[in-house]
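**Student:** Quick one: structure below, then a few questions.
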Amino acid sequence: PPPALPPAESASRAACRAGVAQRGFRGHAESDLALASFGIIKTSTALGGAVGWVRDPELRKGMLATQANYPVRPPVQFLLTALKAMFFKCIDGPIMWGLFAAIIVALGLDFDSMIVNSVRGFPKPTEFRKRPSVPLLRLLLRRLEDQYDASVQGVGRPASTWRWASQRGPSRLAQRREMGDASARRLAAGGVEVLGHGQGLSTWWLQPVIDEEPGLLVRGLWERGFDATCSNTQLRAVGADPTRGAMPSAAHDMMRRGVYLPMT
């Protein structure tokens with residue numbers, strides 16, 4: 001069984017420290033705040049929650065004081081999220097996923113929008129200002145204690161109270177990285193612009209490509225059985241810099257022409 005946890009706020013702080021310590025996570029050297037999400041569609045999901053690293057100790061202290069005043073999410077919310085994740089896992093294969101998509105389309109619904117909305121961690125803005133429940137923190141602690149599946153190297157599984165110690169071999173993330181690198185090379189060789197290709201380490205959570213007609217490309221991929229999307233959901237490019245009047249045109253262009261390919 002998992003170890004007994006301290007109160008929710010103390011467990012949250014301990015989990016954040018564990019995540020930072022185990023993998024040396026600090027974010028960019030010039031960043032004031034770095035966050036690692038553990039949402040439902042992430043590689044090593046905890047079905048919600050996040051850990052963060054704040055450079056300024058006074059700011060961190062103030063953030064923790066503010067968070068302490070937020071209500072705790074009820075455990076039933078975590079249960080519903082777990083049931084939803086179980087459902088998606090059951091239909092994760094190409095045949096079942098395709099059948100599910102066909103049923104949704106036959107009902108006259110937008111399958112892409114429905115999936116995007118169903119996996120959002122915060123469907124309502126008010127949900128941001130709540131602390132995670134203890135069940136979520138237990139799962140988050142488990143992910144932080146055993147990060148083998150999210151290891152980039154993935155050379156072998158260490159002994160763990162959460163996993164079978166005898167299981168060895170490449171981690172899921174290491175396998176996906178190898179597959180993504182190979183796919184990016186082939187796409188680039190065919191004249192496709194792959195974002196992130198050749199720019200250092202990429203774990204290919206998905207594979208973003210650029211196209212002049214993203215909607216048309218997505219429809220063509222769907223017809224061939226690929227679950228691609230060009231929905232940017234909650235991603236947005238920032239506006240113009242008020243001090244210089246500069247507009248990040250490259251970022252806006254990328255968001256307009258981006259298509260996201262699945263890497264599973």
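Ordering of the structure tokens sets the chain letters (A, B, ...), residue numbers begin anew at 1 in every chain, and ligands are numbered from 1 in the order given.
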List as a PyMOL selection string the protein and nucleic acid residues near segment 83-98 of chain A, meaning an atom at most 9 Å away when only C-alpha atoms are counted, but skip any in the same chain fewer than 6 places from it.
**Tutor:** chain A and resi 40-41+47+118-119+225+227
**Student:** Write out as an NGL selection string all residues of segment 74-223 of chain A that backbone DSSP assigns to helix (DSSP H, G or I).
**Tutor:** :A and (75-90 or 94-106 or 111-118 or 125-128 or 134-145 or 148-150 or 172-189 or 214-223)
**Student:** Write out as a list in words which residues come within 7 Å of segment 132-136 of chain A when counting only C-alpha atoms, dropping same-chain ones fewer than 4 positions away.
**Tutor:**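 These residues fall inside the cut-off: Ala8, Ala46, Gly48, Gly49, Val72, Arg73, Pro74, Pro75, Phe78 and Leu140 of chain A.
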**Student:** Those same residues - all heavy atoms - I'd like them written as a tab-separated table (two decimals), in the first residue's frame.
**Tutor:**
chain	number	residue	atom	x	y	z
A	8	ALA	N	-2.79	17.68	2.75
A	8	ALA	CA	-2.69	17.89	1.31
A	8	ALA	C	-1.62	18.90	0.93
A	8	ALA	O	-0.83	18.68	0.02
A	8	ALA	CB	-4.05	18.34	0.75
A	46	ALA	N	-0.83	11.55	-13.58
A	46	ALA	CA	-1.39	11.34	-12.25
A	46	ALA	C	-2.88	11.70	-12.27
A	46	ALA	O	-3.48	11.92	-11.22
A	46	ALA	CB	-0.66	12.18	-11.21
A	48	GLY	N	-4.10	14.41	-13.21
A	48	GLY	CA	-4.26	15.79	-12.78
A	48	GLY	C	-3.07	16.26	-11.96
A	48	GLY	O	-2.16	15.50	-11.65
A	49	GLY	N	-3.09	17.53	-11.62
A	49	GLY	CA	-2.05	18.07	-10.77
A	49	GLY	C	-0.81	18.47	-11.53
A	49	GLY	O	-0.67	18.24	-12.73
A	72	VAL	N	-10.10	22.17	-1.05
A	72	VAL	CA	-9.56	20.93	-1.61
A	72	VAL	C	-10.61	20.29	-2.51
A	72	VAL	O	-11.79	20.22	-2.14
A	72	VAL	CB	-9.14	19.96	-0.50
A	72	VAL	CG1	-8.64	18.64	-1.08
A	72	VAL	CG2	-8.06	20.59	0.37
A	73	ARG	N	-10.19	19.84	-3.66
A	73	ARG	CA	-11.12	19.14	-4.55
A	73	ARG	C	-11.64	17.88	-3.87
A	73	ARG	O	-10.88	17.14	-3.24
A	73	ARG	CB	-10.43	18.75	-5.85
A	73	ARG	CG	-10.39	19.86	-6.89
A	73	ARG	CD	-9.86	19.31	-8.21
A	73	ARG	NE	-10.10	20.23	-9.31
A	73	ARG	CZ	-9.88	19.93	-10.58
A	73	ARG	NH1	-9.41	18.73	-10.90
A	73	ARG	NH2	-10.13	20.80	-11.53
A	74	PRO	N	-12.93	17.56	-4.03
A	74	PRO	CA	-13.47	16.35	-3.40
A	74	PRO	C	-12.92	15.09	-4.06
A	74	PRO	O	-12.68	15.07	-5.27
A	74	PRO	CB	-14.98	16.49	-3.63
A	74	PRO	CG	-15.11	17.36	-4.84
A	74	PRO	CD	-13.96	18.33	-4.77
A	75	PRO	N	-12.75	14.01	-3.30
A	75	PRO	CA	-12.25	12.75	-3.87
A	75	PRO	C	-13.11	12.22	-5.01
A	75	PRO	O	-12.60	11.54	-5.90
A	75	PRO	CB	-12.24	11.80	-2.67
A	75	PRO	CG	-12.10	12.68	-1.48
A	75	PRO	CD	-12.87	13.93	-1.83
A	78	PHE	N	-11.83	13.06	-8.42
A	78	PHE	CA	-10.74	12.20	-8.87
A	78	PHE	C	-11.28	10.85	-9.34
A	78	PHE	O	-10.80	10.29	-10.34
A	78	PHE	CB	-9.73	12.00	-7.76
A	78	PHE	CG	-8.55	11.16	-8.15
A	78	PHE	CD1	-7.49	11.72	-8.86
A	78	PHE	CD2	-8.49	9.81	-7.82
A	78	PHE	CE1	-6.40	10.95	-9.23
A	78	PHE	CE2	-7.40	9.04	-8.20
A	78	PHE	CZ	-6.35	9.61	-8.90
A	140	LEU	N	0.26	11.05	-7.64
A	140	LEU	CA	1.37	11.91	-8.03
A	140	LEU	C	2.66	11.50	-7.32
A	140	LEU	O	3.75	11.46	-7.91
A	140	LEU	CB	1.03	13.37	-7.73
A	140	LEU	CG	2.10	14.41	-8.05
A	140	LEU	CD1	2.52	14.32	-9.51
A	140	LEU	CD2	1.60	15.81	-7.72
**Student:** Taking only C-alpha atoms into account, name the residue in A:Asp253, A:Leu137, A:Arg176, A:Val259 that is nearest to Gly220 of chain A.
**Tutor:**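 Looking only at the distances to Gly220 of chain A, the closest residue turns out to be A:Val259.
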**Student:** Between A:Trp205, A:Tyr260, A:Phe128, A:Trp222, which is the closest to Gln67 of chain A once you count only C-alpha atoms?
**Tutor:** A:Phe128
**Student:** At a cut-off of 12 Å, using only C-alpha atoms, what residues contact Ala251 of chain A? Leave out same-chain residues fewer than 3 positions from it and give the result as a CSV table (one decimal) with all heavy atoms, in the first residue's frame.
**Tutor:**
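Once written, selection38.csv looks like this:
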chain,number,residue,atom,x,y,z
A,195,LEU,N,8.2,20.5,-36.5
A,195,LEU,CA,8.7,21.4,-35.5
A,195,LEU,C,9.4,20.6,-34.4
A,195,LEU,O,9.0,19.6,-34.0
A,195,LEU,CB,7.5,22.1,-34.8
A,195,LEU,CG,6.7,23.1,-35.7
A,195,LEU,CD1,5.5,23.6,-34.9
A,195,LEU,CD2,7.5,24.2,-36.2
A,210,ILE,N,3.9,21.5,-39.9
A,210,ILE,CA,3.4,22.7,-40.5
A,210,ILE,C,2.8,22.5,-41.9
A,210,ILE,O,3.5,21.8,-42.7
A,210,ILE,CB,4.5,23.8,-40.6
A,210,ILE,CG1,4.9,24.2,-39.2
A,210,ILE,CG2,4.0,25.1,-41.3
A,210,ILE,CD1,3.9,24.8,-38.3
A,235,LEU,N,-3.8,26.5,-26.2
A,235,LEU,CA,-2.5,27.1,-26.6
A,235,LEU,C,-2.8,28.4,-27.3
A,235,LEU,O,-3.6,28.4,-28.2
A,235,LEU,CB,-1.7,26.1,-27.4
A,235,LEU,CG,-1.3,24.8,-26.8
A,235,LEU,CD1,-0.6,23.9,-27.8
A,235,LEU,CD2,-0.4,25.0,-25.6
A,236,ARG,N,-2.0,29.4,-26.9
A,236,ARG,CA,-2.2,30.7,-27.6
A,236,ARG,C,-0.8,31.3,-27.7
A,236,ARG,O,0.1,31.2,-26.8
A,236,ARG,CB,-3.1,31.7,-26.8
A,236,ARG,CG,-4.5,31.2,-26.7
A,236,ARG,CD,-5.2,31.3,-28.0
A,236,ARG,NE,-6.7,31.0,-27.9
A,236,ARG,CZ,-7.2,29.8,-28.0
A,236,ARG,NH1,-6.3,28.7,-28.2
A,236,ARG,NH2,-8.5,29.5,-27.9
A,237,ALA,N,-0.6,32.0,-28.8
A,237,ALA,CA,0.6,32.8,-29.0
A,237,ALA,C,0.4,34.2,-28.3
A,237,ALA,O,-0.7,34.7,-28.3
A,237,ALA,CB,0.9,33.1,-30.4
A,238,VAL,N,1.4,34.7,-27.6
A,238,VAL,CA,1.3,36.0,-26.9
A,238,VAL,C,1.1,37.1,-27.9
A,238,VAL,O,1.4,37.0,-29.1
A,238,VAL,CB,2.5,36.2,-26.0
A,238,VAL,CG1,2.7,35.1,-25.0
A,238,VAL,CG2,3.8,36.3,-26.8
A,239,GLY,N,0.6,38.2,-27.4
A,239,GLY,CA,0.4,39.4,-28.2
A,239,GLY,C,1.7,40.2,-28.4
A,239,GLY,O,2.8,39.8,-28.0
A,240,ALA,N,1.5,41.4,-28.9
A,240,ALA,CA,2.6,42.3,-29.2
A,240,ALA,C,3.3,42.7,-27.8
A,240,ALA,O,2.6,42.9,-26.8
A,240,ALA,CB,2.2,43.5,-30.0
A,247,MET,N,5.6,42.0,-32.6
A,247,MET,CA,4.7,40.9,-32.6
A,247,MET,C,5.4,39.6,-32.9
A,247,MET,O,6.2,39.5,-33.9
A,247,MET,CB,3.6,41.2,-33.7
A,247,MET,CG,2.6,40.0,-33.9
A,247,MET,SD,1.5,39.7,-32.5
A,247,MET,CE,0.5,41.2,-32.6
A,248,PRO,N,5.1,38.5,-32.1
A,248,PRO,CA,5.8,37.2,-32.4
A,248,PRO,C,5.1,36.6,-33.6
A,248,PRO,O,4.3,35.6,-33.4
A,248,PRO,CB,5.6,36.5,-31.1
A,248,PRO,CG,4.3,37.1,-30.5
A,248,PRO,CD,4.3,38.5,-30.9
A,254,MET,N,2.9,29.7,-36.7
A,254,MET,CA,3.0,28.3,-36.3
A,254,MET,C,1.6,27.8,-35.8
A,254,MET,O,1.2,26.7,-36.1
A,254,MET,CB,4.0,28.1,-35.2
A,254,MET,CG,4.2,26.6,-34.8
A,254,MET,SD,5.4,26.5,-33.4
A,254,MET,CE,4.4,27.2,-32.1
A,255,MET,N,1.0,28.6,-35.0
A,255,MET,CA,-0.3,28.2,-34.4
A,255,MET,C,-1.4,28.1,-35.5
A,255,MET,O,-2.3,27.2,-35.5
A,255,MET,CB,-0.8,29.2,-33.3
A,255,MET,CG,0.2,29.3,-32.2
A,255,MET,SD,0.5,27.8,-31.3
A,255,MET,CE,-1.0,27.5,-30.5
A,256,ARG,N,-1.3,28.9,-36.5
A,256,ARG,CA,-2.3,28.9,-37.6
A,256,ARG,C,-2.1,27.7,-38.5
A,256,ARG,O,-3.1,27.2,-39.0
A,256,ARG,CB,-2.1,30.2,-38.4
A,256,ARG,CG,-3.1,30.4,-39.5
A,256,ARG,CD,-2.9,31.7,-40.3
A,256,ARG,NE,-1.5,31.7,-40.9
A,256,ARG,CZ,-1.3,31.2,-42.1
A,256,ARG,NH1,-2.2,30.5,-42.8
A,256,ARG,NH2,0.0,31.3,-42.6
A,257,ARG,N,-0.9,27.3,-38.7
A,257,ARG,CA,-0.6,26.3,-39.7
A,257,ARG,C,-0.3,24.9,-39.1
A,257,ARG,O,0.0,24.0,-39.8
A,257,ARG,CB,0.5,26.7,-40.6
A,257,ARG,CG,0.2,27.9,-41.4
A,257,ARG,CD,1.2,28.1,-42.5
A,257,ARG,NE,2.6,28.3,-42.0
A,257,ARG,CZ,3.7,27.9,-42.5
A,257,ARG,NH1,3.6,27.1,-43.6
A,257,ARG,NH2,4.9,28.1,-42.0
A,258,GLY,N,-0.3,24.8,-37.7
A,258,GLY,CA,0.1,23.6,-37.1
A,258,GLY,C,-0.9,22.4,-37.2
A,258,GLY,O,-2.1,22.6,-37.1
**Student:** What's the separation between atom CA of Gln199 of chain A and atom CA of Arg172 of chain A, in Å to one decimal place?
**Tutor:**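 Going from atom CA of Gln199 of chain A over to atom CA of Arg172 of chain A, I get 21.4 Å.
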**Student:** Run DSSP on the backbone and give me the residues of segment 43-262 of chain A it puts in strand (DSSP E), as a ChimeraX atom specification.
**Tutor:** /A:50-54,193-194,207-210,258-261
**Student:** Just how far from atom CA of Pro214 of chain A is atom CA of Val192 of chain A, in Å to one decimal?
**Tutor:**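 Taking atom CA of Val192 of chain A and atom CA of Pro214 of chain A, their separation equals 12.5 Å.
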**Student:** Do you know which residues are at most 12 Å from Ala188 of chain A counting only C-alpha atoms, after dropping those on the same chain fewer than 5 positions away, and could you put them as a PyMOL selection string?
**Tutor:** chain A and resi 180-183+193-198+207-210
**Student:** The selected residues should be written to file as a short mmCIF file (atom, residue, chain, number, x, y, z; two decimals), in the first residue's frame (atoms: N, CA and C atoms).
**Tutor:**
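Just written: out-v3.cif:
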data_model
loop_
_atom_site.label_atom_id
_atom_site.label_comp_id
_atom_site.auth_asym_id
_atom_site.auth_seq_id
_atom_site.Cartn_x
_atom_site.Cartn_y
_atom_site.Cartn_z
N GLY A 180 9.75 8.56 -32.67
CA GLY A 180 9.52 9.92 -33.11
C GLY A 180 10.67 10.49 -33.91
N ASP A 181 11.89 10.19 -33.49
CA ASP A 181 13.06 10.65 -34.24
C ASP A 181 13.07 10.06 -35.64
N ALA A 182 12.75 8.76 -35.74
CA ALA A 182 12.74 8.10 -37.05
C ALA A 182 11.64 8.69 -37.94
N SER A 183 10.47 8.92 -37.34
CA SER A 183 9.36 9.51 -38.10
C SER A 183 9.69 10.92 -38.57
N GLU A 193 7.78 20.09 -42.92
CA GLU A 193 8.41 20.85 -41.83
C GLU A 193 7.92 20.30 -40.49
N VAL A 194 8.82 19.68 -39.74
CA VAL A 194 8.49 19.10 -38.45
C VAL A 194 9.06 19.99 -37.36
N LEU A 195 8.20 20.55 -36.54
CA LEU A 195 8.65 21.42 -35.46
C LEU A 195 9.43 20.62 -34.42
N GLY A 196 10.59 21.12 -34.03
CA GLY A 196 11.41 20.45 -33.03
C GLY A 196 12.41 19.48 -33.59
N HIS A 197 12.31 19.16 -34.87
CA HIS A 197 13.24 18.20 -35.46
C HIS A 197 14.64 18.82 -35.58
N GLY A 198 15.64 18.09 -35.08
CA GLY A 198 17.02 18.55 -35.15
C GLY A 198 17.37 19.66 -34.19
N GLN A 207 3.66 14.88 -32.50
CA GLN A 207 4.59 15.34 -33.52
C GLN A 207 3.94 16.48 -34.32
N PRO A 208 4.34 17.72 -34.05
CA PRO A 208 3.73 18.86 -34.75
C PRO A 208 4.41 19.12 -36.09
N VAL A 209 3.59 19.28 -37.12
CA VAL A 209 4.09 19.61 -38.45
C VAL A 209 3.38 20.86 -38.94
N ILE A 210 3.94 21.49 -39.95
CA ILE A 210 3.39 22.72 -40.50
C ILE A 210 2.84 22.45 -41.90
#
**Student:** Which distance in Å separates atom CA of Ala29 of chain A and atom CA of Arg185 of chain A, to one decimal?
**Tutor:**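 Rounded to one decimal, the two atoms are 29.1 Å apart.
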**Student:** Report as JSON, numbers by chain all protein, DNA and RNA residues lying within 12 Å of Glu30 of chain A, evaluated on only C-alpha atoms, omitting residues in the same chain fewer than 5 positions from it.
**Tutor:** {"A": [54, 55, 56]}
**Student:** With C-alpha atoms retained, could you export that selection as a PDB file, in the first residue's frame?
**Tutor:**
ATOM      1  CA  VAL A  54       9.821  28.933  -8.411  1.00  0.00           C
ATOM      2  CA  ARG A  55      13.109  30.800  -8.524  1.00  0.00           C
ATOM      3  CA  ASP A  56      12.215  33.592  -6.078  1.00  0.00           C
TER       4      ASP A  56
END
**Student:** With distances taken over only C-alpha atoms, which residue among A:Thr45, A:His28, A:Leu216, A:Pro262 lies nearest Thr81 of chain A?
**Tutor:**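 Of A:Thr45, A:His28, A:Leu216, A:Pro262, the one nearest Thr81 of chain A, counting only C-alpha atoms, is A:Thr45.
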